[in-house]
$ cat input_39.cif   # mmCIF, C-alpha atoms and all ligand atoms
data_data
loop_
_atom_site.label_atom_id
_atom_site.label_comp_id
_atom_site.auth_asym_id
_atom_site.auth_seq_id
_atom_site.Cartn_x
_atom_site.Cartn_y
_atom_site.Cartn_z
CA MET J 1 -107.98 21.34 -64.32
CA PRO J 2 -108.00 18.56 -66.88
CA GLN J 3 -106.47 19.32 -70.26
CA ARG J 4 -109.15 20.86 -72.42
CA TRP J 5 -109.72 19.25 -75.82
CA ILE J 6 -111.74 20.77 -78.63
CA LEU J 7 -112.52 18.88 -81.81
CA HIS J 8 -113.49 20.77 -84.95
CA ALA J 9 -115.32 18.50 -87.39
CA ASP J 10 -115.93 19.55 -90.97
CA MET J 11 -117.42 17.44 -93.76
CA ASP J 12 -115.33 17.33 -96.93
CA ALA J 13 -116.87 19.26 -99.86
CA PHE J 14 -120.20 18.58 -98.20
CA TYR J 15 -122.91 19.43 -100.77
CA ALA J 16 -120.84 18.09 -103.65
CA SER J 17 -120.04 14.88 -101.75
CA VAL J 18 -123.73 14.33 -100.98
CA GLU J 19 -124.51 14.70 -104.69
CA GLN J 20 -121.78 12.21 -105.59
CA ARG J 21 -123.14 9.78 -103.02
CA GLU J 22 -126.65 10.07 -104.46
CA ARG J 23 -125.47 9.64 -108.04
CA PRO J 24 -122.48 7.29 -108.20
CA GLU J 25 -121.93 8.18 -111.88
CA LEU J 26 -120.69 11.57 -110.58
CA LYS J 27 -117.88 10.02 -108.49
CA GLY J 28 -114.49 11.23 -109.69
CA LYS J 29 -116.09 14.05 -111.71
CA PRO J 30 -115.82 17.79 -111.05
CA VAL J 31 -119.17 18.49 -109.35
CA ILE J 32 -120.18 22.08 -108.69
CA VAL J 33 -123.24 22.90 -106.60
CA GLY J 34 -124.76 26.32 -107.21
CA GLY J 35 -123.67 28.68 -109.92
CA ALA J 36 -125.99 27.00 -112.38
CA SER J 37 -127.80 30.21 -113.29
CA ALA J 38 -126.15 33.22 -114.92
CA ARG J 39 -125.94 35.17 -111.67
CA GLY J 40 -125.52 32.24 -109.30
CA VAL J 41 -122.60 31.67 -107.00
CA VAL J 42 -120.83 28.38 -106.32
CA SER J 43 -121.83 26.98 -102.93
CA ALA J 44 -119.68 23.85 -103.05
CA ALA J 45 -117.11 22.26 -105.33
CA SER J 46 -115.89 18.66 -105.26
CA TYR J 47 -112.15 18.09 -104.90
CA GLU J 48 -112.05 17.18 -108.61
CA ALA J 49 -113.50 20.64 -109.41
CA ARG J 50 -111.09 22.38 -107.03
CA LYS J 51 -108.19 21.11 -109.15
CA PHE J 52 -109.47 23.51 -111.81
CA GLY J 53 -109.38 26.39 -109.35
CA VAL J 54 -113.11 26.38 -108.63
CA HIS J 55 -114.07 27.24 -105.06
CA SER J 56 -117.16 28.23 -103.13
CA ALA J 57 -118.43 31.83 -103.32
CA MET J 58 -117.02 32.08 -106.86
CA PRO J 59 -119.42 33.47 -109.50
CA GLY J 60 -120.89 30.68 -111.60
CA PHE J 61 -119.71 32.13 -114.90
CA ARG J 62 -116.11 32.14 -113.65
CA ALA J 63 -116.42 28.53 -112.51
CA ARG J 64 -117.70 27.63 -115.99
CA GLN J 65 -114.71 29.34 -117.60
CA LEU J 66 -112.27 27.46 -115.37
CA CYS J 67 -114.05 24.13 -115.58
CA PRO J 68 -116.24 23.89 -118.68
CA GLU J 69 -116.65 20.12 -118.28
CA GLY J 70 -117.88 20.52 -114.70
CA VAL J 71 -121.23 19.05 -113.67
CA PHE J 72 -123.25 22.02 -112.40
CA LEU J 73 -126.13 21.15 -110.06
CA PRO J 74 -128.82 23.33 -108.52
CA GLY J 75 -128.48 21.78 -105.05
CA ASN J 76 -130.96 20.12 -102.72
CA MET J 77 -131.03 21.84 -99.33
CA GLU J 78 -133.66 19.52 -97.95
CA LEU J 79 -131.41 16.54 -98.52
CA TYR J 80 -128.36 18.35 -97.11
CA GLY J 81 -130.39 19.23 -94.02
CA GLU J 82 -131.34 15.59 -93.59
CA VAL J 83 -127.72 14.44 -93.86
CA SER J 84 -126.74 17.21 -91.46
CA ARG J 85 -129.13 15.84 -88.84
CA ALA J 86 -127.65 12.36 -89.30
CA ILE J 87 -124.14 13.75 -88.76
CA ARG J 88 -125.28 15.61 -85.67
CA LYS J 89 -126.65 12.34 -84.25
CA VAL J 90 -123.24 10.73 -84.72
CA PHE J 91 -121.53 13.68 -82.98
CA GLU J 92 -123.89 13.20 -80.05
CA GLU J 93 -122.52 9.68 -79.56
CA PHE J 94 -119.22 11.28 -78.55
CA THR J 95 -120.19 14.32 -76.45
CA PRO J 96 -123.24 16.41 -75.58
CA GLU J 97 -121.12 19.59 -75.86
CA ILE J 98 -121.68 20.51 -79.50
CA GLU J 99 -121.67 23.93 -81.14
CA PRO J 100 -122.85 23.72 -84.74
CA LEU J 101 -121.25 26.28 -87.07
CA ALA J 102 -122.93 25.24 -90.29
CA LEU J 103 -124.83 22.27 -91.70
CA ASP J 104 -121.57 20.38 -92.05
CA GLU J 105 -119.33 21.82 -89.38
CA ALA J 106 -119.23 21.88 -85.57
CA PHE J 107 -117.06 22.32 -82.52
CA LEU J 108 -117.18 19.48 -80.01
CA ASP J 109 -115.80 19.83 -76.50
CA ILE J 110 -114.42 16.37 -75.84
CA THR J 111 -112.60 17.19 -72.60
CA GLY J 112 -114.94 15.04 -70.56
CA SER J 113 -115.45 12.16 -72.96
CA ALA J 114 -112.01 11.65 -74.58
CA LYS J 115 -110.94 9.13 -71.94
CA LEU J 116 -113.99 6.95 -72.59
CA PHE J 117 -112.85 6.51 -76.17
CA GLY J 118 -109.14 5.98 -75.44
CA GLY J 119 -108.00 9.60 -75.71
CA PRO J 120 -108.68 12.54 -78.02
CA VAL J 121 -107.16 11.05 -81.18
CA ALA J 122 -108.82 7.67 -80.70
CA LEU J 123 -112.12 9.50 -80.19
CA GLY J 124 -111.53 11.53 -83.34
CA GLU J 125 -110.82 8.43 -85.43
CA GLN J 126 -113.89 6.63 -84.08
CA LEU J 127 -116.01 9.67 -84.84
CA ARG J 128 -114.72 9.76 -88.40
CA ASP J 129 -115.45 6.04 -88.81
CA ARG J 130 -118.97 6.44 -87.46
CA VAL J 131 -119.74 9.38 -89.76
CA ARG J 132 -118.55 7.33 -92.73
CA GLU J 133 -120.65 4.36 -91.61
CA ALA J 134 -123.77 6.45 -91.06
CA THR J 135 -123.57 8.67 -94.14
CA GLN J 136 -121.04 7.14 -96.57
CA LEU J 137 -119.33 10.54 -96.46
CA THR J 138 -115.98 11.67 -95.11
CA VAL J 139 -115.38 14.16 -92.34
CA SER J 140 -112.10 15.76 -91.32
CA ALA J 141 -111.17 16.65 -87.77
CA GLY J 142 -108.84 19.04 -86.00
CA ILE J 143 -108.11 18.42 -82.32
CA ALA J 144 -106.42 21.00 -80.11
CA PRO J 145 -106.63 22.67 -76.70
CA SER J 146 -108.68 25.59 -78.13
CA LYS J 147 -111.32 26.40 -80.73
CA LEU J 148 -108.97 28.62 -82.73
CA VAL J 149 -106.27 25.97 -83.07
CA ALA J 150 -108.74 23.10 -83.61
CA LYS J 151 -110.34 24.95 -86.51
CA ILE J 152 -107.03 25.72 -88.18
CA ALA J 153 -105.80 22.18 -87.52
CA CYS J 154 -108.87 20.85 -89.30
CA THR J 155 -107.93 22.65 -92.51
CA PHE J 156 -104.57 20.82 -92.38
CA SER J 157 -106.33 17.48 -92.10
CA LYS J 158 -108.38 17.81 -95.29
CA PRO J 159 -109.60 15.83 -97.02
CA ASP J 160 -110.52 12.79 -94.96
CA GLY J 161 -107.92 13.25 -92.24
CA LEU J 162 -107.25 14.16 -88.63
CA HIS J 163 -104.77 16.66 -87.30
CA TRP J 164 -103.86 16.81 -83.65
CA VAL J 165 -102.07 19.72 -81.99
CA GLN J 166 -100.86 19.13 -78.43
CA PRO J 167 -100.55 21.98 -75.93
CA ASP J 168 -96.77 22.22 -76.22
CA GLU J 169 -97.00 22.30 -80.02
CA VAL J 170 -99.48 25.17 -80.26
CA GLU J 171 -96.93 27.92 -80.53
CA SER J 172 -94.80 26.26 -83.19
CA PHE J 173 -97.95 25.23 -85.06
CA LEU J 174 -99.18 28.82 -85.28
CA ARG J 175 -95.86 30.61 -85.68
CA GLY J 176 -95.40 30.20 -89.42
CA LEU J 177 -99.02 30.68 -90.47
CA PRO J 178 -100.00 33.78 -92.47
CA ILE J 179 -101.90 36.34 -90.39
CA ARG J 180 -105.00 35.93 -92.52
CA ARG J 181 -105.53 32.53 -90.87
CA LEU J 182 -106.53 34.32 -87.68
CA TRP J 183 -110.23 34.94 -87.04
CA GLY J 184 -111.05 38.58 -87.47
CA VAL J 185 -108.12 39.41 -89.72
CA GLY J 186 -109.73 40.32 -93.04
CA PRO J 187 -108.14 41.68 -96.20
CA VAL J 188 -107.99 45.29 -94.99
CA LEU J 189 -106.42 44.60 -91.62
CA GLY J 190 -104.23 41.97 -93.26
CA GLU J 191 -102.79 44.55 -95.61
CA LYS J 192 -102.18 47.08 -92.85
CA LEU J 193 -100.32 44.51 -90.80
CA THR J 194 -98.26 43.37 -93.77
CA ALA J 195 -97.35 47.01 -94.41
CA ILE J 196 -95.58 47.17 -91.03
CA GLY J 197 -93.82 43.88 -91.62
CA ILE J 198 -96.22 41.50 -89.87
CA GLN J 199 -96.70 38.51 -92.14
CA THR J 200 -97.11 35.56 -89.82
CA LEU J 201 -98.77 34.82 -86.50
CA GLY J 202 -95.26 34.57 -85.08
CA ASP J 203 -94.52 38.13 -86.27
CA LEU J 204 -97.80 39.26 -84.74
CA ALA J 205 -97.04 37.67 -81.38
CA ARG J 206 -93.55 39.23 -81.30
CA THR J 207 -94.53 42.78 -82.28
CA PRO J 208 -94.49 45.19 -79.34
CA GLN J 209 -98.08 45.77 -78.33
CA ALA J 210 -97.71 49.55 -78.56
CA HIS J 211 -96.79 49.29 -82.26
CA LEU J 212 -99.81 47.18 -82.93
CA ALA J 213 -102.09 49.43 -80.88
CA VAL J 214 -101.37 52.32 -83.24
CA ILE J 215 -103.10 50.39 -86.00
CA VAL J 216 -105.88 48.50 -84.27
CA GLY J 217 -106.33 50.16 -80.87
CA GLU J 218 -105.19 48.82 -77.53
CA ASP J 219 -107.94 46.32 -76.77
CA ARG J 220 -107.82 44.78 -80.16
CA ALA J 221 -104.03 44.65 -80.12
CA ALA J 222 -104.06 42.66 -76.90
CA ASP J 223 -106.72 40.30 -78.27
CA LEU J 224 -104.90 39.68 -81.52
CA GLN J 225 -101.65 38.93 -79.75
CA ARG J 226 -103.33 36.55 -77.37
CA LEU J 227 -104.87 34.65 -80.26
CA ALA J 228 -101.61 34.69 -82.24
CA ARG J 229 -99.99 32.87 -79.31
CA GLY J 230 -102.85 30.36 -79.30
CA ASP J 231 -104.29 31.68 -76.08
CA ASP J 232 -108.01 31.16 -76.70
CA SER J 233 -110.26 30.17 -73.84
CA ARG J 234 -113.59 30.57 -75.64
CA ALA J 235 -115.95 27.80 -74.65
CA VAL J 236 -117.92 25.59 -76.98
CA SER J 237 -121.32 27.16 -76.73
CA VAL J 238 -123.97 24.53 -76.63
CA SER J 239 -127.42 25.60 -77.61
CA ARG J 240 -129.90 23.07 -76.38
CA ALA J 241 -132.89 22.66 -78.60
CA PRO J 242 -136.08 24.21 -77.20
CA LYS J 243 -139.14 22.01 -76.71
CA SER J 244 -141.72 24.77 -77.11
CA TYR J 245 -142.30 28.50 -77.34
CA GLY J 246 -145.04 30.07 -75.25
CA GLU J 247 -146.48 33.39 -74.11
CA GLU J 248 -149.07 34.00 -71.45
CA ASN J 249 -150.51 36.81 -69.39
CA THR J 250 -152.57 37.25 -66.27
CA PHE J 251 -155.18 39.96 -66.74
CA PRO J 252 -155.46 42.84 -64.26
CA SER J 253 -159.09 41.76 -63.87
CA ASP J 254 -160.76 38.63 -65.21
CA VAL J 255 -162.07 38.86 -68.78
CA THR J 256 -165.15 37.48 -70.46
CA GLU J 257 -165.41 39.57 -73.65
CA LEU J 258 -164.49 37.84 -76.89
CA LEU J 259 -162.67 40.99 -77.99
CA ASP J 260 -160.31 40.83 -75.01
CA VAL J 261 -159.69 37.17 -75.60
CA THR J 262 -159.03 37.75 -79.30
CA ASN J 263 -156.61 40.58 -78.54
CA ALA J 264 -154.68 38.52 -76.02
CA LEU J 265 -154.45 35.46 -78.26
CA THR J 266 -153.39 37.58 -81.24
CA THR J 267 -150.63 39.30 -79.27
CA HIS J 268 -149.37 36.00 -77.88
CA ALA J 269 -149.50 34.29 -81.27
CA GLU J 270 -147.48 37.09 -82.88
CA ALA J 271 -144.90 37.09 -80.08
CA VAL J 272 -144.48 33.33 -80.18
CA ALA J 273 -144.19 33.39 -83.98
CA ARG J 274 -141.60 36.18 -83.90
CA ARG J 275 -139.46 34.37 -81.35
CA MET J 276 -139.64 31.14 -83.33
CA ARG J 277 -138.62 32.89 -86.54
CA HIS J 278 -135.73 34.54 -84.75
CA ASP J 279 -134.46 31.13 -83.63
CA ASN J 280 -135.31 29.49 -86.95
CA TYR J 281 -137.98 27.18 -85.66
CA ARG J 282 -141.51 26.29 -86.61
CA GLY J 283 -143.92 24.04 -84.82
CA ARG J 284 -146.89 21.83 -85.48
CA THR J 285 -148.76 21.63 -82.17
CA ILE J 286 -150.58 24.71 -80.94
CA THR J 287 -151.82 24.79 -77.37
CA LEU J 288 -154.28 27.17 -75.74
CA LYS J 289 -154.15 27.52 -72.00
CA ALA J 290 -156.77 29.31 -69.90
CA LYS J 291 -156.93 29.73 -66.17
CA LEU J 292 -160.46 30.33 -64.91
CA GLY J 293 -161.25 33.21 -62.60
CA ARG J 294 -163.01 31.14 -59.94
CA ARG J 295 -161.05 29.29 -57.32
CA THR J 296 -161.25 25.56 -56.77
CA GLY J 297 -161.30 25.96 -53.00
CA ARG J 298 -158.05 23.98 -52.80
CA ARG J 299 -154.71 25.57 -52.06
CA THR J 300 -151.24 24.50 -53.10
CA PRO J 301 -149.56 22.63 -50.27
CA ARG J 302 -146.75 24.45 -48.54
CA VAL J 303 -144.32 23.40 -45.88
CA SER J 304 -144.60 24.50 -42.25
CA GLY J 305 -148.38 24.77 -42.14
CA GLU J 306 -148.39 28.05 -44.05
CA GLN J 307 -151.38 28.78 -46.22
CA GLY J 308 -150.74 27.82 -49.85
CA ASP J 309 -151.75 29.76 -52.98
CA PRO J 310 -155.29 29.42 -54.27
CA VAL J 311 -155.71 27.01 -57.15
CA TYR J 312 -157.57 28.07 -60.29
CA PRO J 313 -158.98 25.52 -62.70
CA LEU J 314 -156.85 25.16 -65.78
CA VAL J 315 -158.23 24.45 -69.23
CA SER J 316 -155.85 23.31 -71.95
CA ARG J 317 -156.60 22.42 -75.57
CA SER J 318 -154.17 21.43 -78.33
CA ARG J 319 -154.24 20.83 -82.03
CA THR J 320 -151.53 19.43 -84.26
CA LEU J 321 -151.26 20.77 -87.79
CA GLN J 322 -150.18 18.83 -90.87
CA VAL J 323 -147.49 21.37 -91.62
CA ALA J 324 -145.28 23.24 -89.16
CA THR J 325 -145.75 27.00 -88.96
CA SER J 326 -144.08 30.13 -87.62
CA ASP J 327 -146.88 32.37 -88.88
CA GLY J 328 -148.65 34.56 -86.31
CA PRO J 329 -152.13 34.64 -87.94
CA THR J 330 -152.13 30.86 -88.39
CA ILE J 331 -151.25 30.32 -84.74
CA ARG J 332 -153.88 32.87 -83.66
CA ASP J 333 -156.59 31.26 -85.79
CA VAL J 334 -155.96 27.85 -84.30
CA ALA J 335 -155.84 29.29 -80.76
CA LEU J 336 -159.16 31.05 -81.36
CA ALA J 337 -160.73 27.88 -82.75
CA LEU J 338 -159.54 26.01 -79.65
CA TRP J 339 -161.04 28.77 -77.50
CA ARG J 340 -164.42 28.39 -79.20
CA GLU J 341 -164.32 24.61 -78.90
CA ALA J 342 -163.49 24.80 -75.20
CA LYS J 343 -166.83 26.67 -74.62
CA ILE J 344 -165.51 28.23 -71.44
CA GLY J 345 -168.31 30.75 -70.92
CA GLU J 346 -166.99 32.18 -67.64
CA PRO J 347 -164.40 34.77 -66.55
CA VAL J 348 -160.79 33.95 -67.29
CA ARG J 349 -157.76 35.25 -65.36
CA LEU J 350 -154.95 33.98 -67.57
CA LEU J 351 -154.53 33.13 -71.24
CA GLY J 352 -151.57 31.52 -72.95
CA VAL J 353 -150.54 30.26 -76.36
CA SER J 354 -147.69 27.89 -76.99
CA VAL J 355 -146.28 26.01 -79.94
CA SER J 356 -144.49 22.67 -79.65
CA LYS J 357 -143.41 19.76 -81.90
CA LEU J 358 -140.75 22.05 -83.26
CA GLU J 359 -138.60 21.65 -86.32
CA ARG J 360 -135.71 23.72 -87.65
CA ARG J 361 -136.25 26.18 -90.44
CA ASP J 362 -132.57 26.39 -91.52
CA ALA J 363 -132.64 23.96 -94.36
CA GLU J 364 -135.10 26.21 -96.10
CA GLN J 365 -133.54 29.42 -94.96
CA LEU J 366 -130.17 28.46 -96.36
CA ASP J 367 -131.92 27.60 -99.60
CA LEU J 368 -130.37 30.01 -102.08
CA PHE J 369 -132.05 28.23 -104.89
CA GLY J 370 -135.76 28.09 -104.16
CA ALA J 371 -138.61 30.38 -103.21
CA ARG J 372 -139.49 30.97 -99.58
CA ASN J 373 -142.81 30.27 -97.98
CA GLN J 374 -144.84 33.44 -98.45
CA THR J 375 -146.27 33.87 -94.96
CA ASP J 376 -142.81 33.32 -93.53
CA ALA J 377 -141.50 36.01 -95.84
CA LEU J 378 -144.11 38.45 -94.49
CA GLY J 379 -143.18 37.50 -90.93
CA ASP J 380 -139.51 38.03 -91.67
CA ALA J 381 -140.25 41.46 -93.13
CA MET J 382 -142.13 42.41 -89.96
CA ASP J 383 -139.25 41.13 -87.86
CA ALA J 384 -136.83 43.32 -89.77
CA ILE J 385 -138.92 46.38 -88.94
CA THR J 386 -139.25 45.38 -85.28
CA ASP J 387 -135.50 44.85 -85.07
CA ARG J 388 -134.90 48.30 -86.44
CA TYR J 389 -137.56 50.38 -84.72
CA GLY J 390 -138.42 48.33 -81.66
CA LYS J 391 -141.36 46.27 -80.51
CA GLY J 392 -144.69 47.93 -81.16
CA ALA J 393 -143.41 49.64 -84.32
CA ILE J 394 -145.52 47.25 -86.29
CA SER J 395 -148.18 44.77 -85.37
CA ARG J 396 -151.07 43.20 -87.09
CA ALA J 397 -154.13 45.33 -86.42
CA VAL J 398 -154.93 44.62 -82.77
CA ASP J 399 -154.24 46.30 -79.47
CA GLY J 400 -151.38 44.90 -77.48
CA VAL J 401 -152.14 43.08 -74.27
CA GLU J 402 -151.02 44.73 -71.06
CA LYS J 403 -149.46 42.06 -68.99
CA ALA J 404 -150.33 42.09 -65.34
CA THR J 405 -147.55 39.65 -64.66
CA GLN J 406 -144.38 39.86 -66.58
CA SER J 407 -141.21 37.93 -66.25
CA ASN J 408 -137.90 39.73 -66.40
CA SER J 409 -136.13 36.79 -67.88
CA ILE J 410 -135.07 36.97 -71.48
CA LYS J 411 -137.05 34.45 -73.39
CA ARG J 412 -135.70 32.33 -76.15
CA GLY J 413 -135.88 34.17 -79.44
CA ASP J 414 -136.06 37.61 -77.83
CA LYS J 415 -133.16 39.96 -78.05
MG MG D 501 -117.13 21.50 -95.03
#
$ encode --input "input_39.cif" --output "structure tokens"
Amino acid sequence: MPQRWILHADMDAFYASVEQRERPELKGKPVIVGGASARGVVSAASYEARKFGVHSAMPGFRARQLCPEGVFLPGNMELYGEVSRAIRKVFEEFTPEIEPLALDEAFLDITGSAKLFGGPVALGEQLRDRVREATQLTVSAGIAPSKLVAKIACTFSKPDGLHWVQPDEVESFLRGLPIRRLWGVGPVLGEKLTAIGIQTLGDLARTPQAHLAVIVGEDRAADLQRLARGDDSRAVSVSRAPKSYGEENTFPSDVTELLDVTNALTTHAEAVARRMRHDNYRGRTITLKAKLGRRTGRRTPRVSGEQGDPVYPLVSRSRTLQVATSDGPTIRDVALALWREAKIGEPVRLLGVSVSKLERRDAEQLDLFGARNQTDALGDAMDAITDRYGKGAISRAVDGVEKATQSNSIKRGDK
């Protein structure tokens, strides 16, 4: 097994740094993003603002007390999203194994690619240079044999630095750290542990497991001790971007009635929209697919002279919208329009709806400052009910489509 190397990359004071880049007159000034309104909360503070004790998640009024001369800005999520995509592109130059944690933060598994760049540290420094070149912003990096240690190492590298922890240094690196630095140790658990004399990760690792189990249970005790020793084998989980979302069904018997077609397209449109919203996507191209009931007379070729499956003519129509959508009724309306335009006029055995040309919804979703798209808000409200009470608890007024063929695989966006 080659030595595993994880790199945790985190932009320095991301939103505030983007603002300072956009408006050079703000360089060197305490810039505070968010917290502009009476009830707002700080979402980012420049290093100049941090000197006054301002930090993210702090109520805006408190930040104003601490730093009255601070420049308070409402934030521009669209711009941050754009910069985030540029950063992601740079990361992809170094490895395909990327797990984004936030707009400005990701784990990269560089086990396979480190050698190509002259080793893990050389890779890390080249990555930092490339991010600076591409965005005029600084990124810090932690490199270690595990996610846990890489993430903590990154905090030691800030701002604009790199911190490397080698396998034989992991234990000494962790030993002196306060227990709160461990994932999953919040204020409550932290206090309980402190009460029995556990202050550092070293203390935690040394405590007899039975003592610890009294407080957190046996499973958790074992987990915590493993992590405290730096034993963390969690993999970087790469989510590959989907190309499209689709739903289709084969009818028990071929359909001709417009009502059946409408019902099927509505159900598919809603399902596709729900899955896209769950994954935070929208799409611009809507495609209708219909398989006709009659056979072409051809059969699919098979090996060994066996008879192949019958082939049914396939009709497919697409339309690309100006604006991306994850709204069920919009998708249904386009699918129905495509159906009418296709003038099929004969029995159909299969209908499908898919949406492609996808884009991420996060930039907007993370937008604490602006109003959400209204149809999306309705969709999200329906999703909340479905999550709670199950599929079928709510649907827009149509009958569901019984699927004659159903796949057992879990589709993207379904839980
Ligand atoms: Mg950051």
$ atom_distance --input "input_39.cif" --atom1 "atom CA of Thr325 of chain J" --atom2 "atom CA of Arg284 of chain J"
6.3 Å
$ atom_distance --input "input_39.cif" --atom1 "atom CA of Ala337 of chain J" --atom2 "atom CA of Gln322 of chain J"
16.1 Å
$ atom_distance --input "input_39.cif" --atom1 "atom CA of Glu169 of chain J" --atom2 "atom CA of Ala122 of chain J"
18.8 Å
$ closest_atom_pairs --input "input_39.cif" --of "chain J" --to "ligand MG 501 (chain D)" --cutoff "7 Å" --atoms "all atoms listed in the file" --output "JSON lines"
{"residue": "J:Asp10", "atom": "CA", "partner": "D:MG501", "partner_atom": "MG", "distance": 4.7}
{"residue": "J:Met11", "atom": "CA", "partner": "D:MG501", "partner_atom": "MG", "distance": 4.3}
{"residue": "J:Asp12", "atom": "CA", "partner": "D:MG501", "partner_atom": "MG", "distance": 4.9}
{"residue": "J:Ala13", "atom": "CA", "partner": "D:MG501", "partner_atom": "MG", "distance": 5.3}
{"residue": "J:Phe14", "atom": "CA", "partner": "D:MG501", "partner_atom": "MG", "distance": 5.3}
{"residue": "J:Asp104", "atom": "CA", "partner": "D:MG501", "partner_atom": "MG", "distance": 5.5}
{"residue": "J:Glu105", "atom": "CA", "partner": "D:MG501", "partner_atom": "MG", "distance": 6.1}
$ residues_around --input "input_39.cif" --residues "Glu25 of chain J" --least-positions-apart "6" --cutoff "12 Å" --atoms "all atoms listed in the file" --output "PyMOL selection string"
chain J and resi 19+31+71
$ residues_around --input "input_39.cif" --residues "Gly142 of chain J" --least-positions-apart "6" --cutoff "10 Å" --atoms "all atoms listed in the file" --output "ChimeraX atom specification"
/J:6-10,107,121,124,149-158,161-165
$ residues_around --input "input_39.cif" --residues "Pro208 of chain J" --least-positions-apart "3" --cutoff "12 Å" --atoms "all atoms listed in the file" --output "compact mmCIF listing (two decimals) with C-alpha atoms, in the coordinates of the input"
# COMPACT_ATOMS: atom_id res chain seq x y z
CA ILE J 196 -95.58 47.17 -91.03
CA ILE J 198 -96.22 41.50 -89.87
CA ASP J 203 -94.52 38.13 -86.27
CA LEU J 204 -97.80 39.26 -84.74
CA ALA J 205 -97.04 37.67 -81.38
CA HIS J 211 -96.79 49.29 -82.26
CA LEU J 212 -99.81 47.18 -82.93
CA ALA J 213 -102.09 49.43 -80.88
CA VAL J 214 -101.37 52.32 -83.24
CA GLU J 218 -105.19 48.82 -77.53
CA ALA J 221 -104.03 44.65 -80.12
CA ALA J 222 -104.06 42.66 -76.90
CA LEU J 224 -104.90 39.68 -81.52
CA GLN J 225 -101.65 38.93 -79.75
$ residues_around --input "input_39.cif" --residues "Thr320 of chain J" --least-positions-apart "2" --cutoff "12 Å" --atoms "all atoms listed in the file" --output "PyMOL selection string"
chain J and resi 283-288+317-318+322-325+331+334-335+338+354-358
$ residues_around --input "input_39.cif" --residues "segment 53-58 of chain J" --least-positions-apart "3" --cutoff "12 Å" --atoms "only C-alpha atoms" --output "PyMOL selection string"
chain J and resi 13-16+30-36+39-50+61-68+70+72
$ closest_residue --input "input_39.cif" --among "J:Ser326, J:Gln20, J:Gln209, J:Gln126" --to "Ala271 of chain J" --atoms "only C-alpha atoms"
J:Ser326
$ closest_residue --input "input_39.cif" --among "J:Leu378, J:Val348, J:Ala86, J:Leu292" --to "Gly328 of chain J" --atoms "all atoms listed in the file"
J:Leu378
$ closest_residue --input "input_39.cif" --among "J:Leu101, J:Ala228, J:Val139, J:Leu189" --to "Val216 of chain J" --atoms "only C-alpha atoms"
J:Leu189
$ closest_residue --input "input_39.cif" --among "J:Asp160, J:Val90, J:Pro167, J:Ala102" --to "Arg4 of chain J" --atoms "all atoms listed in the file"
J:Pro167
